[in-house]
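*Asks:* Sharing upload01.tsv (TSV, C-alpha atoms) below.
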chain	number	residue	atom	x	y	z
A	1	MET	CA	72.99	141.04	90.31
A	2	THR	CA	72.81	142.43	86.82
A	3	LEU	CA	73.49	140.11	83.94
A	4	GLN	CA	76.08	141.06	81.36
A	5	ILE	CA	74.25	140.64	78.07
A	6	THR	CA	76.56	140.13	75.06
A	7	THR	CA	74.00	140.30	72.28
A	8	GLN	CA	70.30	140.83	71.73
A	9	VAL	CA	67.69	139.36	69.39
A	10	ASP	CA	64.57	141.39	68.72
A	11	ALA	CA	62.03	138.82	67.57
A	12	ARG	CA	59.00	140.95	68.49
A	13	GLY	CA	56.23	140.49	65.97
A	14	LEU	CA	57.74	137.33	64.50
A	15	SER	CA	55.86	134.04	64.50
A	16	CYS	CA	57.07	130.51	65.14
A	17	PRO	CA	59.70	129.34	64.30
A	18	MET	CA	61.57	132.58	63.53
A	19	PRO	CA	62.33	133.66	67.15
A	20	ILE	CA	64.11	130.31	67.65
A	21	VAL	CA	65.78	130.38	64.22
A	22	LYS	CA	67.07	133.93	64.78
A	23	THR	CA	68.28	133.07	68.30
A	24	ALA	CA	70.07	129.96	67.02
A	25	GLN	CA	71.87	132.07	64.42
A	26	ALA	CA	72.74	134.84	66.88
A	27	ILE	CA	74.00	132.58	69.66
A	28	LYS	CA	76.68	131.25	67.29
A	29	THR	CA	78.23	134.73	67.25
A	30	ILE	CA	78.91	134.82	71.01
A	31	ALA	CA	81.41	132.87	73.07
A	32	SER	CA	80.58	129.92	75.28
A	33	GLY	CA	79.35	131.20	78.66
A	34	ASP	CA	78.19	134.55	77.25
A	35	LEU	CA	74.59	135.69	77.49
A	36	ILE	CA	72.02	136.46	74.82
A	37	GLU	CA	68.77	138.34	75.40
A	38	VAL	CA	65.71	137.60	73.27
A	39	LEU	CA	62.53	139.67	73.05
A	40	ALA	CA	59.50	137.98	71.52
A	41	THR	CA	55.75	138.43	71.30
A	42	ASP	CA	54.90	134.91	70.13
A	43	ALA	CA	52.96	133.32	73.03
A	44	GLY	CA	54.27	129.89	72.01
A	45	SER	CA	57.83	131.04	72.65
A	46	VAL	CA	57.48	130.45	76.42
A	47	LYS	CA	57.28	126.70	75.90
A	48	ASP	CA	59.52	126.79	72.83
A	49	PHE	CA	62.49	128.51	74.47
A	50	ALA	CA	62.33	126.08	77.40
A	51	ALA	CA	62.29	123.15	74.95
A	52	TRP	CA	65.04	124.68	72.82
A	53	SER	CA	67.18	125.20	75.91
A	54	ARG	CA	66.75	121.51	76.85
A	55	THR	CA	67.49	120.28	73.30
A	56	THR	CA	70.56	122.43	72.74
A	57	GLY	CA	71.93	122.59	76.29
A	58	ASN	CA	72.05	126.41	76.22
A	59	ASP	CA	70.90	127.44	79.70
A	60	LEU	CA	67.73	129.51	80.03
A	61	VAL	CA	68.94	131.68	82.91
A	62	GLU	CA	66.12	134.20	83.09
A	63	GLN	CA	62.68	134.75	81.68
A	64	SER	CA	60.07	137.39	82.27
A	65	VAL	CA	57.03	138.95	80.67
A	66	ASP	CA	56.20	142.62	80.30
A	67	GLY	CA	52.73	143.08	78.88
A	68	SER	CA	52.79	141.09	75.66
A	69	VAL	CA	56.58	141.00	75.36
A	70	TYR	CA	58.43	137.94	76.57
A	71	ARG	CA	62.07	138.25	77.53
A	72	PHE	CA	64.49	135.33	77.66
A	73	VAL	CA	68.13	135.33	78.69
A	74	LEU	CA	70.16	132.32	77.58
A	75	ARG	CA	73.75	131.34	78.27
A	76	ARG	CA	75.65	129.74	75.41
A	77	LYS	CA	76.76	126.21	76.18
B	1	MET	CA	69.99	47.78	68.61
B	2	THR	CA	70.09	49.05	72.11
B	3	LEU	CA	69.67	52.61	73.07
B	4	THR	CA	72.37	53.91	75.30
B	5	THR	CA	71.55	56.83	77.41
B	6	THR	CA	74.20	59.14	78.64
B	7	PRO	CA	73.59	60.88	81.90
B	8	THR	CA	72.31	64.34	81.01
B	9	GLU	CA	73.19	67.43	82.94
B	10	LEU	CA	70.64	68.62	85.36
B	11	PRO	CA	68.80	71.59	83.90
B	12	ILE	CA	69.35	73.54	87.06
B	13	ALA	CA	72.85	73.59	88.49
B	14	PRO	CA	73.08	72.46	92.08
B	15	PRO	CA	73.57	75.27	94.52
B	16	ALA	CA	77.25	76.12	94.57
B	17	ASP	CA	79.35	77.12	97.47
B	18	PRO	CA	78.18	80.67	98.33
B	19	LEU	CA	81.71	82.10	98.30
B	20	ALA	CA	82.54	80.52	94.91
B	21	GLN	CA	79.22	81.80	93.59
B	22	ALA	CA	80.00	85.33	94.80
B	23	ILE	CA	83.42	85.26	93.11
B	24	ALA	CA	81.88	83.94	89.89
B	25	ASP	CA	79.25	86.66	90.04
B	26	VAL	CA	81.88	89.36	90.38
B	27	GLU	CA	84.18	87.89	87.73
B	28	GLY	CA	81.24	87.37	85.42
B	29	LEU	CA	80.32	91.06	85.40
B	30	PRO	CA	80.75	92.60	81.97
B	31	GLU	CA	83.45	95.19	81.46
B	32	PRO	CA	82.00	98.69	81.71
B	33	ALA	CA	81.38	99.88	78.16
B	34	PRO	CA	83.80	102.72	77.32
B	35	GLU	CA	81.09	104.69	75.47
B	36	LEU	CA	79.19	105.05	78.74
B	37	ALA	CA	81.92	107.27	80.15
B	38	THR	CA	80.49	110.68	80.95
B	39	ASP	CA	83.21	112.63	79.18
B	40	GLN	CA	82.31	111.13	75.80
B	41	PRO	CA	80.45	113.47	73.43
B	42	VAL	CA	76.74	112.66	73.07
B	43	LYS	CA	75.68	111.57	69.57
B	44	THR	CA	74.01	114.40	67.69
B	45	LYS	CA	70.29	113.76	67.31
B	46	GLU	CA	69.08	113.35	63.77
B	47	LEU	CA	65.75	114.04	62.04
B	48	VAL	CA	64.88	112.87	58.54
B	49	ILE	CA	61.87	114.22	56.66
B	50	VAL	CA	60.63	112.88	53.34
B	51	ASN	CA	59.16	115.83	51.47
B	52	TRP	CA	56.77	114.24	49.00
B	53	SER	CA	53.78	116.48	48.31
B	54	GLY	CA	54.93	119.84	46.92
B	55	GLU	CA	51.81	121.49	48.35
B	56	LEU	CA	51.90	124.69	50.39
B	57	ASP	CA	50.28	123.14	53.47
B	58	LYS	CA	52.84	120.29	53.48
B	59	VAL	CA	56.03	122.00	52.29
B	60	TRP	CA	55.51	124.76	54.85
B	61	PRO	CA	55.61	122.44	57.89
B	62	VAL	CA	58.55	120.56	56.31
B	63	LEU	CA	60.49	123.84	56.17
B	64	ILE	CA	59.37	124.93	59.66
B	65	LEU	CA	60.36	121.61	61.23
B	66	SER	CA	63.63	121.23	59.33
B	67	SER	CA	64.84	124.77	60.07
B	68	THR	CA	63.79	124.46	63.73
B	69	ALA	CA	65.55	121.09	64.01
B	70	ALA	CA	68.75	122.58	62.62
B	71	ALA	CA	68.33	125.59	64.94
B	72	SER	CA	68.01	123.17	67.86
B	73	GLY	CA	71.28	121.43	67.05
B	74	VAL	CA	69.48	118.42	65.55
B	75	ARG	CA	71.06	117.30	62.28
B	76	CYS	CA	68.32	117.40	59.67
B	77	LYS	CA	68.12	115.75	56.28
B	78	VAL	CA	65.18	116.19	53.91
B	79	PHE	CA	64.73	113.61	51.17
B	80	VAL	CA	62.91	115.44	48.39
B	81	THR	CA	60.85	113.25	46.10
B	82	PHE	CA	57.97	113.24	43.60
B	83	TRP	CA	55.84	116.43	43.67
B	84	GLY	CA	58.05	117.59	46.51
B	85	LEU	CA	60.84	118.36	44.04
B	86	LEU	CA	58.98	121.08	42.14
B	87	PRO	CA	59.26	123.76	44.89
B	88	PHE	CA	63.04	123.29	44.73
B	89	VAL	CA	63.29	124.24	41.05
B	90	LYS	CA	65.16	127.53	40.46
B	91	ASP	CA	63.02	130.69	40.22
B	92	GLN	CA	64.02	131.50	36.66
B	93	LYS	CA	62.91	128.08	35.38
B	94	ARG	CA	59.34	128.01	34.17
B	95	ILE	CA	58.86	124.89	32.07
B	96	VAL	CA	61.34	122.06	32.51
B	97	GLY	CA	61.68	118.60	31.01
B	98	ASP	CA	62.71	117.10	27.72
B	99	ASN	CA	59.50	115.74	26.24
B	100	TRP	CA	55.96	117.14	26.03
B	101	MET	CA	54.64	115.06	28.92
B	102	GLN	CA	57.37	116.29	31.26
B	103	LYS	CA	56.79	119.85	30.05
B	104	MET	CA	53.06	119.47	30.74
B	105	LEU	CA	53.82	118.73	34.41
B	106	THR	CA	55.47	122.07	35.03
B	107	LEU	CA	53.06	123.84	32.69
B	108	MET	CA	50.17	122.74	34.92
B	109	GLN	CA	52.05	123.02	38.22
B	110	ARG	CA	54.31	126.06	38.15
B	111	PRO	CA	57.56	125.11	39.91
B	112	GLY	CA	59.43	127.20	42.49
B	113	ILE	CA	59.06	127.99	46.17
B	114	ASP	CA	56.68	130.95	45.55
B	115	HIS	CA	54.10	129.00	43.55
B	116	LEU	CA	52.81	126.36	45.93
B	117	LYS	CA	49.19	125.25	45.82
B	118	LEU	CA	47.03	124.20	48.75
B	119	SER	CA	46.01	120.54	49.06
B	120	LYS	CA	42.49	121.69	49.89
B	121	MET	CA	40.55	124.91	49.28
B	122	ASN	CA	42.91	125.92	46.49
B	123	PHE	CA	40.03	127.54	44.51
B	124	LEU	CA	42.16	128.34	41.46
B	125	GLY	CA	44.71	130.19	43.57
B	126	MET	CA	42.31	132.09	45.83
B	127	GLY	CA	43.22	129.80	48.77
B	128	PRO	CA	47.00	130.34	48.56
B	129	TRP	CA	46.43	134.08	48.00
B	130	MET	CA	44.34	134.31	51.19
B	131	MET	CA	46.87	132.17	53.04
B	132	GLY	CA	49.62	134.55	51.92
B	133	SER	CA	47.57	137.51	53.08
B	134	LEU	CA	46.98	135.93	56.51
B	135	ARG	CA	50.67	135.04	56.68
B	136	LYS	CA	51.64	138.69	56.23
B	137	GLN	CA	48.99	139.88	58.67
B	138	TYR	CA	50.33	137.54	61.38
B	139	ASN	CA	53.97	138.00	60.40
B	140	VAL	CA	54.59	134.32	59.70
B	141	ALA	CA	57.74	133.50	57.73
B	142	SER	CA	57.09	132.55	54.10
B	143	PRO	CA	58.27	129.24	52.61
B	144	ARG	CA	61.01	131.22	50.83
B	145	GLU	CA	62.26	132.81	54.08
B	146	LEU	CA	62.16	129.43	55.83
B	147	LEU	CA	64.03	127.76	52.97
B	148	GLU	CA	66.71	130.45	53.22
B	149	ALA	CA	66.92	129.88	57.00
B	150	ALA	CA	67.06	126.10	56.52
B	151	ASN	CA	69.90	126.47	54.03
B	152	ALA	CA	71.78	128.89	56.29
B	153	LEU	CA	71.43	126.50	59.23
B	154	GLY	CA	72.76	123.56	57.22
B	155	VAL	CA	69.66	121.46	56.53
B	156	GLU	CA	70.64	118.89	53.92
B	157	PHE	CA	68.17	118.55	51.05
B	158	ILE	CA	68.62	115.35	49.04
B	159	PRO	CA	66.81	115.21	45.68
B	160	CYS	CA	65.45	111.87	44.44
B	161	GLN	CA	67.32	110.82	41.30
B	162	MET	CA	64.47	108.67	39.98
B	163	THR	CA	61.95	111.54	40.18
B	164	MET	CA	64.45	113.88	38.53
B	165	ASP	CA	64.81	111.42	35.63
B	166	MET	CA	61.07	110.87	35.29
B	167	PHE	CA	60.20	114.59	35.47
B	168	GLY	CA	63.12	115.52	33.21
B	169	LEU	CA	64.72	117.64	35.94
B	170	LYS	CA	68.45	118.21	35.74
B	171	ARG	CA	70.70	119.06	38.65
B	172	GLU	CA	71.08	122.60	37.28
B	173	ASP	CA	67.26	123.02	37.22
B	174	LEU	CA	67.24	122.67	41.02
B	175	ILE	CA	68.43	125.33	43.49
B	176	ASP	CA	72.17	125.25	44.14
B	177	GLU	CA	71.72	124.39	47.82
B	178	MET	CA	70.37	120.93	47.01
B	179	GLY	CA	72.72	118.06	47.83
B	180	GLU	CA	73.78	115.20	45.59
B	181	PRO	CA	70.83	113.24	44.12
B	182	ALA	CA	70.27	109.81	45.65
B	183	GLY	CA	67.79	106.95	45.65
B	184	ALA	CA	65.51	104.90	47.88
B	185	ALA	CA	68.32	102.94	49.51
B	186	THR	CA	69.84	106.21	50.73
B	187	ALA	CA	66.44	107.30	52.02
B	188	ILE	CA	66.06	104.02	53.93
B	189	GLU	CA	69.59	104.26	55.34
B	190	ILE	CA	69.19	107.81	56.64
B	191	MET	CA	65.70	107.08	58.00
B	192	THR	CA	66.78	103.97	59.91
B	193	GLU	CA	69.85	105.78	61.29
B	194	ALA	CA	67.84	108.81	62.41
B	195	ASP	CA	66.20	109.33	65.79
B	196	ALA	CA	62.96	110.35	64.09
B	197	SER	CA	61.70	110.34	60.53
B	198	LEU	CA	58.61	111.84	58.96
B	199	PHE	CA	56.90	111.40	55.60
B	200	ILE	CA	55.05	114.60	54.75
Give the structure from the file, written as structure tokens.

*Replies:*
Amino acid sequence: MTLQITTQVDARGLSCPMPIVKTAQAIKTIASGDLIEVLATDAGSVKDFAAWSRTTGNDLVEQSVDGSVYRFVLRRK
Amino acid sequence: MTLTTTPTELPIAPPADPLAQAIADVEGLPEPAPELATDQPVKTKELVIVNWSGELDKVWPVLILSSTAAASGVRCKVFVTFWGLLPFVKDQKRIVGDNWMQKMLTLMQRPGIDHLKLSKMNFLGMGPWMMGSLRKQYNVASPRELLEAANALGVEFIPCQMTMDMFGLKREDLIDEMGEPAGAATAIEIMTEADASLFI
């Protein structure tokens, strides 16, 4: 099954807390139920996106790592 | 005078009829509270930070935590007091205040978000310069970028009226995004209402 991504956030190279801040701003532009893809290189983002998903209720539907790039797919609440 | 004693009730009620007791138990149950219904919206979590120091190594975490809180859907209010107010003075202001003592404050501590000093290892500005250099090397957001993010995400900054009076700061000396000035009672109210509060 391929996920239908609505929008993307390229947070590669950015440090905490900017990947979260940029994702929070971007997710407001998509509709409830739509998906957002985030790319980040901040190693702390693995724990942070899980925590952010729990705090906000936006589902973390997929996460993977490719080399030093972390990929997160979230569904807007 | 004679003391008359009235028969006192036994401290422990005698065992009642089991059926009557069961009915009383059921009837005595409290009504289910309506706010416990699952379809009710959950109260938004709230974080309050008191930003007191005005130093780079304190203002930075205040801005990181407040912008992240707002990004996480947590309502965030920052009560800005004492030295903490100086970073929130407009860029174009250099020396503020009415009398010489107030002017001395901002003469010795340049106000504005780009002129923060370190609480330790300041070394006449060498410390902040090296910190800024490391920040760029590791692509960490600057206090200015974080302040812009915090404002965009709706963090509420509340300046302390008493400090403004004492430092000779006017509302128009502070950045436009600051909220209405308030006092200690407001700080106490928002802190006691919040789910977490920090003094940094």

*Asks:* Set the cut-off to 8 Å and count only C-alpha atoms: what are the residues of chain A that reach chain B? Output as a ChimeraX atom specification.

*Replies:* /A:13-18,20-21,24-25,52,55-56

*Asks:* For the residues in that selection, give me C-alpha atoms as an mmCIF file, keeping the file's coordinate frame.

*Replies:*
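Now in part-v2.cif:
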data_model
loop_
_atom_site.group_PDB
_atom_site.id
_atom_site.type_symbol
_atom_site.label_atom_id
_atom_site.label_comp_id
_atom_site.auth_asym_id
_atom_site.auth_seq_id
_atom_site.Cartn_x
_atom_site.Cartn_y
_atom_site.Cartn_z
ATOM 1 C CA GLY A 13 56.230 140.490 65.970
ATOM 2 C CA LEU A 14 57.740 137.330 64.500
ATOM 3 C CA SER A 15 55.860 134.040 64.500
ATOM 4 C CA CYS A 16 57.070 130.510 65.140
ATOM 5 C CA PRO A 17 59.700 129.340 64.300
ATOM 6 C CA MET A 18 61.570 132.580 63.530
ATOM 7 C CA ILE A 20 64.110 130.310 67.650
ATOM 8 C CA VAL A 21 65.780 130.380 64.220
ATOM 9 C CA ALA A 24 70.070 129.960 67.020
ATOM 10 C CA GLN A 25 71.870 132.070 64.420
ATOM 11 C CA TRP A 52 65.040 124.680 72.820
ATOM 12 C CA THR A 55 67.490 120.280 73.300
ATOM 13 C CA THR A 56 70.560 122.430 72.740
#

*Asks:* One decimal, Å: what's the distance from CA of Leu116 (chain B) over to CA of Asp173 (chain B), could you say?

*Replies:* 17.2 Å

*Asks:* May I ask which of the residues B:Pro87, B:Pro143, B:Asp165, B:His115 is the closest one to Pro128 (chain B), counting all atoms listed in the file?

*Replies:*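 Of all the options, B:His115 lies closest to Pro128 (chain B).
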
*Asks:* Would you list the contacts of Leu107 (chain B) as a VMD selection string, taking every protein, DNA or RNA residue within 8 Å and counting all atoms listed in the file, but skipping same-chain residues closer than 3 positions in sequence?

*Replies:* chain B and resid 94 to 95 103 to 104 110

*Asks:* I'd like the contact shell of region 57-62 of chain A - 10 Å cut-off, all atoms listed in the file, skipping same-chain residues fewer than 3 positions apart - returned as a list in words.

*Replies:*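 Final neighbour list, sorted by chain and number: Leu3, Ile27, Ser32, Gly33, Leu35, Ile36, Glu37, Phe49, Ala50, Ala51, Trp52, Ser53, Arg54, Arg71, Phe72, Val73, Leu74, Arg75, Arg76 and Lys77 of chain A; Ser72 and Gly73 of chain B.
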
*Asks:* So the first atom is CA of Val78 (chain B) and the second is CA of Gln109 (chain B); what is the distance between them in Å, to one decimal place?

*Replies:*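 If I compute the distance from CA of Val78 (chain B) to CA of Gln109 (chain B), I get 21.6 Å.
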
*Asks:* Between CA of Asp10 (chain A) and CA of Ser68 (chain A), measure the distance and give it in Å to one decimal.

*Replies:* 13.7 Å

*Asks:* Compare B:Glu148, B:Glu193, B:Glu172, B:Glu46 by their minimum atom-to-atom distance to Lys77 (chain B), counting only C-alpha atoms, and give me the closest one.

*Replies:*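 Of all the options, B:Glu46 lies closest to Lys77 (chain B).
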
*Asks:* Neighbourhood query: residues within 9 Å of (57.2, 116.9, 47.0), file coordinates, counting all atoms listed in the file; return as a PyMOL selection string.

*Replies:* chain B and resi 50-55+58-59+80-88+200

*Asks:* Do a neighbour search on Met121 (chain B) at 12 Å with all atoms listed in the file, toss out local chain neighbours closer than 4 positions, and write the hits as a list in words.

*Replies:*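 With the cut-off at 12 Å, the set is Glu55, Leu56, Asp57, Lys117, Gly125, Met126, Gly127, Pro128, Trp129, Met130 and Met131 of chain B.
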
*Asks:* Which residue out of B:Leu19, B:Asp91, B:Gly183, B:Arg144 has the minimum interatomic distance to Gln161 (chain B) when only C-alpha atoms are used?

*Replies:*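 Using only C-alpha atoms, Gln161 (chain B) sits closest to B:Gly183.
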